[in-house]
Every structure is written in structure tokens, then in C-alpha cells.
>>> print(open('model_22.txt').read())   # compact mmCIF, C-alpha atoms and all ligand atoms
# COMPACT_ATOMS: atom_id res chain seq x y z
CA MET M 1 -83.91 81.20 108.41
CA GLU M 2 -86.69 81.79 110.90
CA ILE M 3 -90.04 82.93 109.65
CA GLN M 4 -91.83 85.03 112.22
CA GLU M 5 -95.24 83.86 113.28
CA LYS M 6 -97.89 86.14 114.66
CA SER M 7 -97.28 86.47 118.36
CA GLN M 8 -96.43 89.01 120.97
CA GLU M 9 -93.21 89.47 119.01
CA ASP M 10 -95.26 91.66 116.69
CA THR M 11 -95.25 94.30 119.37
CA GLN M 12 -91.53 94.52 118.78
CA ALA M 13 -92.26 95.20 115.15
CA ALA M 14 -89.25 97.45 114.84
CA ILE M 15 -86.85 94.56 115.25
CA VAL M 16 -88.93 91.80 113.68
CA LYS M 17 -88.37 91.39 109.97
CA LYS M 18 -91.52 91.16 107.90
CA ASN M 19 -92.28 88.18 105.69
CA VAL M 20 -92.35 88.72 101.93
CA PHE M 21 -93.79 86.07 99.62
CA SER M 22 -93.67 85.97 95.86
CA GLY M 23 -94.60 83.30 93.34
CA ILE M 24 -93.25 83.10 89.81
CA GLN M 25 -94.68 80.81 87.15
CA PRO M 26 -92.26 78.61 85.23
CA THR M 27 -93.68 79.52 81.86
CA GLY M 28 -91.05 81.06 79.65
CA ILE M 29 -88.11 83.32 80.42
CA PRO M 30 -88.79 86.61 82.22
CA THR M 31 -88.30 89.82 80.24
CA LEU M 32 -86.14 92.87 80.78
CA GLY M 33 -89.36 94.45 82.07
CA ASN M 34 -89.75 91.81 84.80
CA TYR M 35 -86.08 92.26 85.65
CA LEU M 36 -85.93 96.05 85.86
CA GLY M 37 -89.40 96.31 87.40
CA ALA M 38 -89.01 93.68 90.09
CA MET M 39 -86.34 90.95 90.04
CA ARG M 40 -83.40 93.35 90.16
CA ASN M 41 -84.57 94.54 93.58
CA TRP M 42 -84.91 91.10 95.11
CA PRO M 43 -81.35 90.78 96.40
CA LEU M 44 -81.90 94.09 98.24
CA LEU M 45 -85.26 92.96 99.58
CA GLN M 46 -83.73 89.90 101.22
CA GLU M 47 -81.57 92.09 103.45
CA GLU M 48 -84.58 93.84 104.88
CA TYR M 49 -87.20 91.06 104.96
CA HIS M 50 -87.63 87.32 105.30
CA CYS M 51 -88.16 86.56 101.64
CA ILE M 52 -89.89 83.46 100.37
CA TYR M 53 -89.80 82.78 96.64
CA SER M 54 -91.70 79.92 95.09
CA VAL M 55 -91.63 78.61 91.55
CA VAL M 56 -95.36 78.05 91.24
CA ASP M 57 -95.54 75.07 88.92
CA LEU M 58 -99.05 74.07 90.02
CA HIS M 59 -100.37 77.42 88.80
CA SER M 60 -98.90 76.76 85.37
CA LEU M 61 -101.01 73.61 85.00
CA THR M 62 -104.13 75.74 84.62
CA VAL M 63 -103.01 76.17 81.00
CA ARG M 64 -101.95 73.04 79.08
CA GLN M 65 -98.17 72.55 79.30
CA GLU M 66 -95.78 70.29 77.47
CA PRO M 67 -94.40 68.04 80.30
CA ALA M 68 -90.77 68.09 79.15
CA ALA M 69 -90.86 71.86 78.70
CA LEU M 70 -92.46 72.44 82.10
CA ARG M 71 -89.80 70.31 83.81
CA LYS M 72 -87.01 72.14 82.03
CA GLN M 73 -88.46 75.60 82.66
CA THR M 74 -88.99 74.89 86.34
CA LEU M 75 -85.34 74.01 86.89
CA SER M 76 -84.26 76.84 84.66
CA LEU M 77 -86.27 79.32 86.71
CA VAL M 78 -84.68 78.12 89.95
CA ALA M 79 -81.28 78.73 88.34
CA LEU M 80 -82.35 82.11 87.03
CA LEU M 81 -83.63 83.28 90.41
CA LEU M 82 -80.29 82.32 91.96
CA ALA M 83 -78.47 84.06 89.09
CA CYS M 84 -80.45 87.23 89.83
CA GLY M 85 -78.96 87.24 93.30
CA ILE M 86 -81.37 85.32 95.50
CA ASP M 87 -79.20 83.84 98.20
CA PRO M 88 -80.58 80.53 99.52
CA GLU M 89 -78.91 81.21 102.87
CA LYS M 90 -80.93 84.37 103.29
CA SER M 91 -84.14 83.63 101.41
CA LEU M 92 -86.35 80.61 101.07
CA LEU M 93 -86.49 79.28 97.51
CA PHE M 94 -88.59 76.23 96.65
CA ILE M 95 -90.82 74.58 94.09
CA GLN M 96 -94.52 74.87 94.96
CA SER M 97 -95.47 71.26 94.17
CA HIS M 98 -92.84 70.03 96.67
CA VAL M 99 -94.88 71.42 99.53
CA SER M 100 -98.22 69.62 99.57
CA ALA M 101 -99.79 72.07 102.02
CA HIS M 102 -100.29 74.52 99.12
CA ALA M 103 -102.79 72.29 97.34
CA GLU M 104 -104.27 71.15 100.66
CA LEU M 105 -104.88 74.62 102.03
CA ALA M 106 -106.24 75.69 98.65
CA TRP M 107 -108.93 73.03 99.06
CA LEU M 108 -109.90 74.32 102.49
CA LEU M 109 -110.01 77.89 101.23
CA ASN M 110 -112.07 76.86 98.20
CA CYS M 111 -114.83 76.09 100.66
CA TYR M 112 -114.65 79.66 101.97
CA THR M 113 -114.58 81.38 98.58
CA GLN M 114 -117.75 82.17 96.70
CA PHE M 115 -118.39 81.26 93.09
CA GLY M 116 -119.38 84.86 92.41
CA GLU M 117 -116.09 86.21 93.77
CA LEU M 118 -114.06 84.02 91.43
CA ALA M 119 -116.32 84.64 88.44
CA ARG M 120 -115.55 88.37 88.77
CA MET M 121 -111.77 87.97 88.44
CA THR M 122 -110.61 89.78 85.31
CA GLN M 123 -107.68 87.42 84.77
CA PHE M 124 -110.08 84.46 84.72
CA LYS M 125 -112.26 86.24 82.20
CA ASP M 126 -109.27 87.14 80.01
CA LYS M 127 -107.74 83.66 80.18
CA SER M 128 -111.01 81.90 79.46
CA ALA M 129 -111.52 84.13 76.44
CA LYS M 130 -108.01 83.17 75.28
CA HIS M 131 -108.46 79.41 75.84
CA PRO M 132 -112.19 78.82 75.24
CA ASP M 133 -111.59 75.08 74.81
CA ASN M 134 -109.98 74.65 78.24
CA ILE M 135 -111.86 76.65 80.86
CA ASN M 136 -111.00 74.22 83.63
CA ALA M 137 -111.82 74.30 87.34
CA GLY M 138 -108.15 74.93 88.14
CA LEU M 139 -108.19 78.13 86.10
CA PHE M 140 -111.29 79.22 87.98
CA CYS M 141 -109.76 78.44 91.39
CA TYR M 142 -106.30 79.82 90.51
CA PRO M 143 -106.66 82.81 92.88
CA VAL M 144 -107.49 80.49 95.78
CA LEU M 145 -104.26 78.54 95.28
CA MET M 146 -102.47 81.88 95.17
CA ALA M 147 -104.16 82.86 98.46
CA ALA M 148 -102.98 79.57 99.97
CA ASP M 149 -99.40 80.24 98.82
CA ILE M 150 -99.40 83.57 100.56
CA LEU M 151 -101.32 82.70 103.72
CA LEU M 152 -99.32 79.57 104.57
CA TYR M 153 -96.26 81.69 105.36
CA GLN M 154 -97.95 84.35 107.51
CA THR M 155 -96.95 86.79 104.82
CA ASP M 156 -96.92 90.53 105.48
CA LEU M 157 -96.03 91.79 102.03
CA VAL M 158 -96.51 90.48 98.50
CA PRO M 159 -94.63 92.23 95.69
CA VAL M 160 -97.11 92.23 92.82
CA GLY M 161 -97.79 94.06 89.62
CA ALA M 162 -101.05 95.86 88.95
CA ASP M 163 -102.48 92.77 87.21
CA GLN M 164 -102.37 90.81 90.48
CA LYS M 165 -104.03 93.40 92.73
CA GLN M 166 -107.47 91.83 92.35
CA HIS M 167 -106.09 88.42 93.39
CA MET M 168 -104.45 90.04 96.41
CA GLU M 169 -107.74 91.61 97.42
CA LEU M 170 -109.38 88.20 97.23
CA ALA M 171 -106.63 86.62 99.36
CA ARG M 172 -107.22 89.30 101.99
CA ASP M 173 -110.99 88.83 101.89
CA VAL M 174 -110.80 85.05 102.22
CA ALA M 175 -108.26 85.26 105.05
CA GLY M 176 -110.36 87.84 106.87
CA ARG M 177 -113.47 85.74 106.47
CA PHE M 178 -111.75 82.62 107.81
CA ASN M 179 -110.25 84.50 110.75
CA GLY M 180 -113.64 86.08 111.42
CA ILE M 181 -115.19 82.64 111.95
CA TYR M 182 -112.33 80.68 113.53
CA GLY M 183 -110.02 83.24 115.13
CA GLU M 184 -106.58 84.44 114.08
CA VAL M 185 -105.22 81.75 111.81
CA PHE M 186 -103.85 83.83 108.94
CA ARG M 187 -101.96 87.09 108.85
CA ILE M 188 -103.64 89.52 106.44
CA PRO M 189 -101.14 90.29 103.67
CA GLU M 190 -100.63 93.63 101.93
CA PRO M 191 -99.56 94.20 98.34
CA TYR M 192 -96.05 95.61 98.22
CA ILE M 193 -95.35 98.24 95.65
CA PRO M 194 -91.60 98.71 95.33
CA LYS M 195 -90.27 102.23 95.93
CA GLU M 196 -88.82 102.47 92.48
CA GLY M 197 -90.43 100.08 90.05
CA ALA M 198 -89.77 100.80 86.43
CA ARG M 199 -92.44 100.19 83.84
CA VAL M 200 -90.70 98.97 80.74
CA MET M 201 -92.66 99.26 77.51
CA SER M 202 -92.69 97.26 74.28
CA LEU M 203 -89.85 98.13 71.91
CA GLN M 204 -92.26 97.94 68.97
CA GLU M 205 -95.42 99.53 70.37
CA PRO M 206 -94.12 101.71 73.20
CA ALA M 207 -97.59 102.58 74.49
CA LYS M 208 -97.96 98.90 75.54
CA LYS M 209 -96.18 97.14 78.40
CA MET M 210 -93.28 94.87 77.42
CA SER M 211 -94.63 91.31 77.46
CA LYS M 212 -93.12 87.94 76.59
CA SER M 213 -96.45 86.86 75.13
CA ASP M 214 -96.16 89.54 72.42
CA GLU M 215 -96.38 87.99 68.94
CA ASN M 216 -93.42 90.06 67.77
CA PRO M 217 -90.18 88.89 69.47
CA ASN M 218 -88.59 92.25 68.62
CA ALA M 219 -90.99 93.85 71.11
CA TYR M 220 -89.31 92.31 74.14
CA ILE M 221 -85.88 91.48 75.55
CA LEU M 222 -85.66 88.19 77.39
CA LEU M 223 -83.40 87.99 80.40
CA LEU M 224 -81.36 85.29 78.66
CA ASP M 225 -81.11 86.86 75.18
CA ASP M 226 -77.50 86.97 74.07
CA ALA M 227 -75.69 90.27 73.53
CA ASP M 228 -76.14 90.26 69.74
CA THR M 229 -79.87 89.65 69.99
CA ILE M 230 -80.22 92.43 72.56
CA LEU M 231 -78.32 94.87 70.35
CA ARG M 232 -80.33 93.94 67.28
CA LYS M 233 -83.67 94.35 69.07
CA PHE M 234 -82.71 97.78 70.42
CA ARG M 235 -81.50 98.91 67.00
CA ARG M 236 -84.95 98.03 65.65
CA ALA M 237 -86.80 99.79 68.47
CA VAL M 238 -89.60 102.06 67.31
CA THR M 239 -88.97 105.76 68.06
CA ASP M 240 -90.44 108.87 66.42
CA SER M 241 -89.80 111.14 63.47
CA GLU M 242 -87.86 113.76 65.44
CA ALA M 243 -84.18 113.43 66.17
CA GLU M 244 -83.86 114.61 69.75
CA VAL M 245 -83.04 112.37 72.70
CA VAL M 246 -85.23 114.16 75.24
CA TYR M 247 -87.84 112.86 77.65
CA ARG M 248 -91.09 114.49 76.63
CA GLU M 249 -94.77 113.66 76.34
CA GLY M 250 -95.63 112.07 73.02
CA LYS M 251 -92.19 110.48 72.64
CA ASP M 252 -93.14 107.08 74.06
CA GLY M 253 -90.41 105.13 72.29
CA ILE M 254 -87.58 107.48 73.26
CA ASN M 255 -88.97 107.90 76.79
CA ASN M 256 -88.87 104.13 77.20
CA LEU M 257 -85.28 103.90 75.96
CA ILE M 258 -84.21 106.77 78.23
CA THR M 259 -85.84 105.05 81.20
CA ILE M 260 -84.11 101.75 80.46
CA TYR M 261 -80.74 103.39 79.90
CA SER M 262 -81.10 105.48 83.02
CA ILE M 263 -81.82 102.45 85.21
CA VAL M 264 -79.07 100.21 83.89
CA THR M 265 -76.41 102.94 83.97
CA GLY M 266 -77.61 104.69 87.14
CA LYS M 267 -77.60 108.05 85.29
CA THR M 268 -80.41 110.54 85.76
CA VAL M 269 -82.70 111.50 82.87
CA PRO M 270 -81.08 114.96 82.39
CA GLU M 271 -77.66 113.29 82.38
CA VAL M 272 -78.82 110.92 79.63
CA GLU M 273 -80.29 113.81 77.63
CA HIS M 274 -77.03 115.70 77.99
CA GLU M 275 -74.94 112.70 76.97
CA PHE M 276 -76.87 112.31 73.70
CA ALA M 277 -77.43 115.98 72.87
CA GLY M 278 -76.73 116.47 69.18
CA LYS M 279 -76.45 112.72 68.55
CA GLY M 280 -78.82 110.71 66.39
CA TYR M 281 -81.26 107.98 67.41
CA GLY M 282 -79.02 105.34 65.86
CA ASP M 283 -76.16 106.08 68.28
CA PHE M 284 -78.54 106.25 71.20
CA LYS M 285 -80.25 102.95 70.40
CA SER M 286 -76.88 101.19 70.09
CA ALA M 287 -75.74 102.66 73.39
CA VAL M 288 -78.89 101.45 75.15
CA GLY M 289 -78.48 97.98 73.62
CA GLU M 290 -74.86 97.75 74.72
CA ALA M 291 -75.64 98.96 78.24
CA VAL M 292 -78.45 96.42 78.64
CA ALA M 293 -76.36 93.56 77.22
CA GLU M 294 -73.62 94.47 79.67
CA ALA M 295 -76.01 94.76 82.63
CA LEU M 296 -77.50 91.33 81.92
CA ARG M 297 -74.16 89.66 81.28
CA PRO M 298 -73.54 88.53 84.89
CA VAL M 299 -77.06 87.10 85.13
CA ARG M 300 -76.58 85.21 81.86
CA GLU M 301 -73.17 83.86 82.84
CA THR M 302 -74.12 82.82 86.36
CA TYR M 303 -77.24 81.17 85.01
CA ALA M 304 -75.21 79.13 82.50
CA ASP M 305 -72.83 77.98 85.26
CA LEU M 306 -75.67 77.04 87.58
CA LEU M 307 -77.48 75.02 84.93
CA LYS M 308 -74.37 72.88 84.55
CA ASN M 309 -74.51 72.13 88.24
CA LYS M 310 -77.73 70.14 88.60
CA ASP M 311 -76.65 68.68 91.95
CA TYR M 312 -76.31 72.12 93.47
CA LEU M 313 -79.71 73.17 92.12
CA ALA M 314 -81.27 70.02 93.56
CA GLU M 315 -79.66 70.73 96.92
CA VAL M 316 -81.06 74.27 96.94
CA TYR M 317 -84.65 73.33 96.14
CA THR M 318 -84.59 70.25 98.38
CA LYS M 319 -83.45 72.24 101.40
CA GLY M 320 -85.87 75.00 100.46
CA ALA M 321 -88.78 72.57 100.37
CA GLU M 322 -87.84 71.12 103.77
CA LYS M 323 -87.86 74.52 105.42
CA ALA M 324 -91.02 75.57 103.59
CA ARG M 325 -92.82 72.37 104.65
CA ALA M 326 -92.10 73.07 108.29
CA ILE M 327 -93.52 76.59 108.15
CA ALA M 328 -96.46 75.81 105.89
CA GLY M 329 -97.31 72.70 107.91
CA ARG M 330 -97.81 74.78 111.05
CA THR M 331 -100.33 77.10 109.41
CA TYR M 332 -102.08 74.26 107.64
CA GLY M 333 -102.34 72.21 110.85
CA LYS M 334 -103.79 75.18 112.67
CA ALA M 335 -106.44 75.70 109.97
CA CYS M 336 -107.37 71.98 110.02
CA LYS M 337 -107.72 71.98 113.78
CA LYS M 338 -109.94 75.06 113.80
CA LEU M 339 -112.18 73.50 111.17
CA GLY M 340 -112.71 70.35 113.24
CA LEU M 341 -110.71 67.99 111.09
CA VAL M 342 -109.28 65.15 113.16
CA LEU M 343 -105.53 65.59 113.05
CA PRO M 344 -103.56 62.49 112.08
CA PRO M 345 -101.14 61.15 114.70
CA ARG M 346 -97.70 62.71 114.40
CA PRO M 347 -95.26 60.41 112.61
N1 LIG B 401 -100.39 84.80 89.95
C1 LIG B 401 -99.04 85.27 89.98
C2 LIG B 401 -98.65 85.77 88.57
O1 LIG B 401 -99.10 85.26 87.59
C3 LIG B 401 -98.10 84.16 90.37
C4 LIG B 401 -98.33 83.77 91.80
C5 LIG B 401 -98.81 82.59 92.25
C6 LIG B 401 -98.07 84.58 92.94
N2 LIG B 401 -98.84 82.58 93.61
C7 LIG B 401 -98.42 83.79 94.04
C8 LIG B 401 -97.57 85.88 93.10
C9 LIG B 401 -98.29 84.29 95.34
C10 LIG B 401 -97.44 86.37 94.39
C11 LIG B 401 -97.81 85.59 95.50
O2 LIG B 401 -97.83 86.66 88.50
>>> encode(input="model_22.txt", output="C-alpha cells", more="lines below")
Ligand code: TRP
Amino acid sequence: MEIQEKSQEDTQAAIVKKNVFSGIQPTGIPTLGNYLGAMRNWPLLQEEYHCIYSVVDLHSLTVRQEPAALRKQTLSLVALLLACGIDPEKSLLFIQSHVSAHAELAWLLNCYTQFGELARMTQFKDKSAKHPDNINAGLFCYPVLMAADILLYQTDLVPVGADQKQHMELARDVAGRFNGIYGEVFRIPEPYIPKEGARVMSLQEPAKKMSKSDENPNAYILLLDDADTILRKFRRAVTDSEAEVVYREGKDGINNLITIYSIVTGKTVPEVEHEFAGKGYGDFKSAVGEAVAEALRPVRETYADLLKNKDYLAEVYTKGAEKARAIAGRTYGKACKKLGLVLPPRP
């Protein structure tokens, strides 16, 4: 795969594929919300763009991790991304810590990011409130490492949720500032909001977003939950005291279930309402559970097969890292040169 660098080729924008970068932390299994909102669209994205996906293990270190668990979750996430349809022939898939330019560029960018800018980040404020005994420098500089991830690949578009918009803004500011002093080194990335991105809510408190950090495991579906667990969680989903499967304001629980069912079956909302007219919530909840279990089955099965094949996984992330190093190294070298660092002799 060729990643396009900024050049006169940009004038032929119509035929040049844009670069998309996304980073996913290896902390826990993604939820149905992550899947329906984003991951499900990734195989489609890779047809239209040069997609670069990184398992950002260095970011996870900003919160204390159990080493054995981190190692396992990192490999498991590589397998899961492949199971979701990321094709290593079309997209670049690698583990962040395998490409040293990420940490190196982050250092350079740290020197062009102000203390005040980082102190304003709401995620930093939230996370430091959550872990008051471990407000480390890495947590503070987290958005700079994220900026380095993105900028190394001359990224055009970054698929992000609302919670990452502030970090994206910072990446753009830092890149613009650097370019302003030293000339065009980095392409300025834009957040990418998918055309249809579903917002999946908690099954227990449907006014809240579905989150894997919820204390109540019945509130979320994990991508790797087995069919029985999925069914059970949907049967326990909180609804309302009416008995009508219709999408209407005030019916958060039912609205959420209709949305989920509509996405996984491809039926429109009126079609779903029609299908369940006159039926009770019990039938509806079971139907949603079964449809979701069925939709996730191929992901679950492919994932299980891939995990058995450690050699294949190693081949994918080793090749991914090689290609990523070549691209990232070019941007990093350019930044070093502009700054006046003496470049080491080529090996
Ligand atoms: N901060 C992102 C999150 O928690 C993860 C991330 C790290 C990322 N580097 C990135 C996302 C680069 C997009 C681009 O979701």
C-alpha cells in the first residue's frame, strides 16, 4: 500500500485516495456501541481511503496496566480488528510501540505544545479526577502522543467520537504552529464523522451512552459476548411502562432497541414498528437479542480462529510495522531536519 504524501499529486485530488488514521486502545473488549457506531464501517472505509489502524498500546500505559493482561489484550485486539473485516492487504494495521517514531515525534511536539493547552483538556481533567493517585506526565501529554500518531502519516481524516474532538483540535493547532515556523511538514487532519454513525445507549440507563466501563455489565454488550449472554442482557433491558414498540420521544429504552434492531437487520424504523405491532416487549427484546447475536457471530467465530493462529497474527503486525516505519520515518526525519537536529548517517 502506498500512502500519499503531500505533493503536486494533491492537485489531482479526485484520483488520490485520502489517508485515514485511527488508534484503538488495547484496554478491554469493544462494545456493541463501538461496533455499530464505528468498527462495522471500517471494511467499507478501506475501499475508499488508505486506512491506517494502530493498536495504541503506549496510550494505555497512562493508566496502570497489568503486564500480562496488556500483552494479551493487544494481541486480542489485532485479531478482533481483522475479524471485523480489516484486510491487511488493503489497510495498514500495526502496534504503536513497534514504530518508535511515535514516541520520538511526541517528544518534539511536546516542545511545541503549551502547558495551558494540555491543562484545559477535559479528558485529562476527568481521568485525573478518576485516578488522583496517578496523575502522571504521560496522562498529561497523552494528546501530544495522539497528535504524533496522526501527523506521522500525513493523515487527512481521523474517525473520532465526540469525546476526542478536543484532542483533534489540539493536533491541528500544534501541526499548524509547527508548519507556521518551519514550513509544510505536517498535513492538517480533519475529524471524520461517518455518514451514518449510530449512537447506542446503555441497556440499563438508556439516556446514557453504552460504555464498557459501566459498573453494571448488563448495561453493555461486548463484541465477544456469547449468544446466551447477549440474549440474557437484551431480555433484561430497561424499557418503559407502555407496551408499544414505537419510536417516540420519552421512550429511550425502546428507541435504543429499535435503533439496534434496525441497524443489524437493515430494516427501517417503520418496518420494525410494523413487524412488532401488537406484540409485547418480551417478544421484541428476544428478537433484538437474537438478531444481535446472529450479527456478531461471524466476528466471534473469525476472532476465535485467528487467536489460534498466533503465527499469522505475528506476520500481520510485523509486516504492518515495517510499512508503518517507512512512512512514519519520512515525516519524522523531515521534522528533525527542519528543527536543526543533526541527522544520523543512514545505516
Ligand atoms: N485517544 C483515542 C481514544 O481514546 C485513541 C487514539 C490514540 C487515537 N491515538 C489516536 C484515535 C489517533 C484516533 C487517532 O479513543
>>> closest_residue(input="model_22.txt", among="M:Tyr49, M:Phe124, M:Phe94, M:Tyr112", to="M:Val316", atoms="all atoms listed in the file")
M:Phe94
>>> closest_residue(input="model_22.txt", among="M:Ala314, M:Leu157, M:Val99, M:Val299", to="ligand LIG 401 (chain B)", atoms="all atoms listed in the file")
M:Leu157
>>> residues_around(input="model_22.txt", residues="M:Gln123", least_positions_apart="4", cutoff="9 Å", atoms="only C-alpha atoms", output="number ranges by chain")
M: 127-128, 163-164, 166-167
>>> closest_residue(input="model_22.txt", among="M:Ile230, M:Lys130, M:Thr155, M:Asp214", to="M:Ile327", atoms="all atoms listed in the file")
M:Thr155
>>> atom_distance(input="model_22.txt", atom1="atom CA of M:Ala237", atom2="atom CA of M:Ala198")
18.2 Å
>>> residues_near_ligand(input="model_22.txt", ligand="ligand LIG 401 (chain B)", cutoff="6 Å", atoms="all atoms listed in the file", output="list in words")
Phe21, Ser22, Gly23, Ile24, Gln25, Val56, Met146, Asp149, Ile150 and Val158 of chain M
>>> closest_residue(input="model_22.txt", among="M:Leu231, M:Phe284, M:Asp226, M:Thr31", to="M:Ile254", atoms="all atoms listed in the file")
M:Phe284
>>> closest_residue(input="model_22.txt", among="M:Leu93, M:Met168, M:Leu222, M:Met201", to="M:Val55", atoms="all atoms listed in the file")
M:Leu93
>>> closest_residue(input="model_22.txt", among="M:His98, M:His274, M:Lys334, M:Arg177", to="M:Lys319", atoms="all atoms listed in the file")
M:His98
>>> atom_distance(input="model_22.txt", atom1="atom CA of M:Leu36", atom2="atom CA of M:Val160")
13.7 Å
>>> atom_distance(input="model_22.txt", atom1="atom CA of M:Pro191", atom2="atom CA of M:Leu170")
11.6 Å
>>> residues_around(input="model_22.txt", residues="M:Thr265", least_positions_apart="2", cutoff="9 Å", atoms="all atoms listed in the file", output="list in words")
Ile260, Tyr261, Ser262, Ile263, Lys267, Thr268, Ala291, Val292 and Ala295 of chain M
>>> residues_around(input="model_22.txt", residues="M:Ala137", least_positions_apart="2", cutoff="12 Å", atoms="all atoms listed in the file", output="PyMOL selection string")
chain M and resi 59+61-63+110+115+118-119+124+128+134-135+139-145
>>> residues_around(input="model_22.txt", residues="M:Pro298", least_positions_apart="5", cutoff="10 Å", atoms="only C-alpha atoms", output="NGL selection string")
:M and (83-84 or 293 or 303-304)
>>> residues_around(input="model_22.txt", residues="M:Arg235", least_positions_apart="3", cutoff="12 Å", atoms="all atoms listed in the file", output="MDAnalysis selection string")
chainID M and resid 203:204 218:219 228:232 238:239 257 281:290
>>> build_atoms(input="model_22.txt", residues="stretch 261-276 of chain M", atoms="N, CA and C atoms", output="PDB file, keeping the file's coordinate frame")
ATOM      1  N   TYR M 261     -82.157 103.009  79.839  1.00  0.00           N
ATOM      2  CA  TYR M 261     -80.740 103.390  79.900  1.00  0.00           C
ATOM      3  C   TYR M 261     -80.404 104.001  81.260  1.00  0.00           C
ATOM      4  N   SER M 262     -81.335 104.821  81.744  1.00  0.00           N
ATOM      5  CA  SER M 262     -81.100 105.480  83.020  1.00  0.00           C
ATOM      6  C   SER M 262     -81.025 104.458  84.167  1.00  0.00           C
ATOM      7  N   ILE M 263     -81.866 103.449  84.128  1.00  0.00           N
ATOM      8  CA  ILE M 263     -81.820 102.450  85.210  1.00  0.00           C
ATOM      9  C   ILE M 263     -80.543 101.612  85.130  1.00  0.00           C
ATOM     10  N   VAL M 264     -80.217 101.125  83.928  1.00  0.00           N
ATOM     11  CA  VAL M 264     -79.070 100.210  83.890  1.00  0.00           C
ATOM     12  C   VAL M 264     -77.728 100.930  84.083  1.00  0.00           C
ATOM     13  N   THR M 265     -77.680 102.232  83.776  1.00  0.00           N
ATOM     14  CA  THR M 265     -76.410 102.940  83.970  1.00  0.00           C
ATOM     15  C   THR M 265     -76.374 103.730  85.279  1.00  0.00           C
ATOM     16  N   GLY M 266     -77.555 103.912  85.909  1.00  0.00           N
ATOM     17  CA  GLY M 266     -77.610 104.690  87.140  1.00  0.00           C
ATOM     18  C   GLY M 266     -77.540 106.194  86.874  1.00  0.00           C
ATOM     19  N   LYS M 267     -77.619 106.598  85.605  1.00  0.00           N
ATOM     20  CA  LYS M 267     -77.600 108.050  85.290  1.00  0.00           C
ATOM     21  C   LYS M 267     -79.007 108.623  85.383  1.00  0.00           C
ATOM     22  N   THR M 268     -79.092 109.916  85.696  1.00  0.00           N
ATOM     23  CA  THR M 268     -80.410 110.540  85.760  1.00  0.00           C
ATOM     24  C   THR M 268     -80.874 110.869  84.336  1.00  0.00           C
ATOM     25  N   VAL M 269     -82.162 111.180  84.194  1.00  0.00           N
ATOM     26  CA  VAL M 269     -82.700 111.500  82.870  1.00  0.00           C
ATOM     27  C   VAL M 269     -81.987 112.718  82.249  1.00  0.00           C
ATOM     28  N   PRO M 270     -81.816 113.834  82.992  1.00  0.00           N
ATOM     29  CA  PRO M 270     -81.080 114.960  82.390  1.00  0.00           C
ATOM     30  C   PRO M 270     -79.661 114.580  81.975  1.00  0.00           C
ATOM     31  N   GLU M 271     -79.013 113.720  82.759  1.00  0.00           N
ATOM     32  CA  GLU M 271     -77.660 113.290  82.380  1.00  0.00           C
ATOM     33  C   GLU M 271     -77.681 112.527  81.049  1.00  0.00           C
ATOM     34  N   VAL M 272     -78.704 111.692  80.887  1.00  0.00           N
ATOM     35  CA  VAL M 272     -78.820 110.920  79.630  1.00  0.00           C
ATOM     36  C   VAL M 272     -79.071 111.881  78.469  1.00  0.00           C
ATOM     37  N   GLU M 273     -79.980 112.832  78.685  1.00  0.00           N
ATOM     38  CA  GLU M 273     -80.290 113.810  77.630  1.00  0.00           C
ATOM     39  C   GLU M 273     -79.027 114.573  77.232  1.00  0.00           C
ATOM     40  N   HIS M 274     -78.258 114.952  78.237  1.00  0.00           N
ATOM     41  CA  HIS M 274     -77.030 115.700  77.990  1.00  0.00           C
ATOM     42  C   HIS M 274     -76.036 114.858  77.189  1.00  0.00           C
ATOM     43  N   GLU M 275     -75.888 113.603  77.615  1.00  0.00           N
ATOM     44  CA  GLU M 275     -74.940 112.700  76.970  1.00  0.00           C
ATOM     45  C   GLU M 275     -75.221 112.550  75.468  1.00  0.00           C
ATOM     46  N   PHE M 276     -76.505 112.566  75.106  1.00  0.00           N
ATOM     47  CA  PHE M 276     -76.870 112.310  73.700  1.00  0.00           C
ATOM     48  C   PHE M 276     -77.318 113.571  72.951  1.00  0.00           C
TER      49      PHE M 276
END
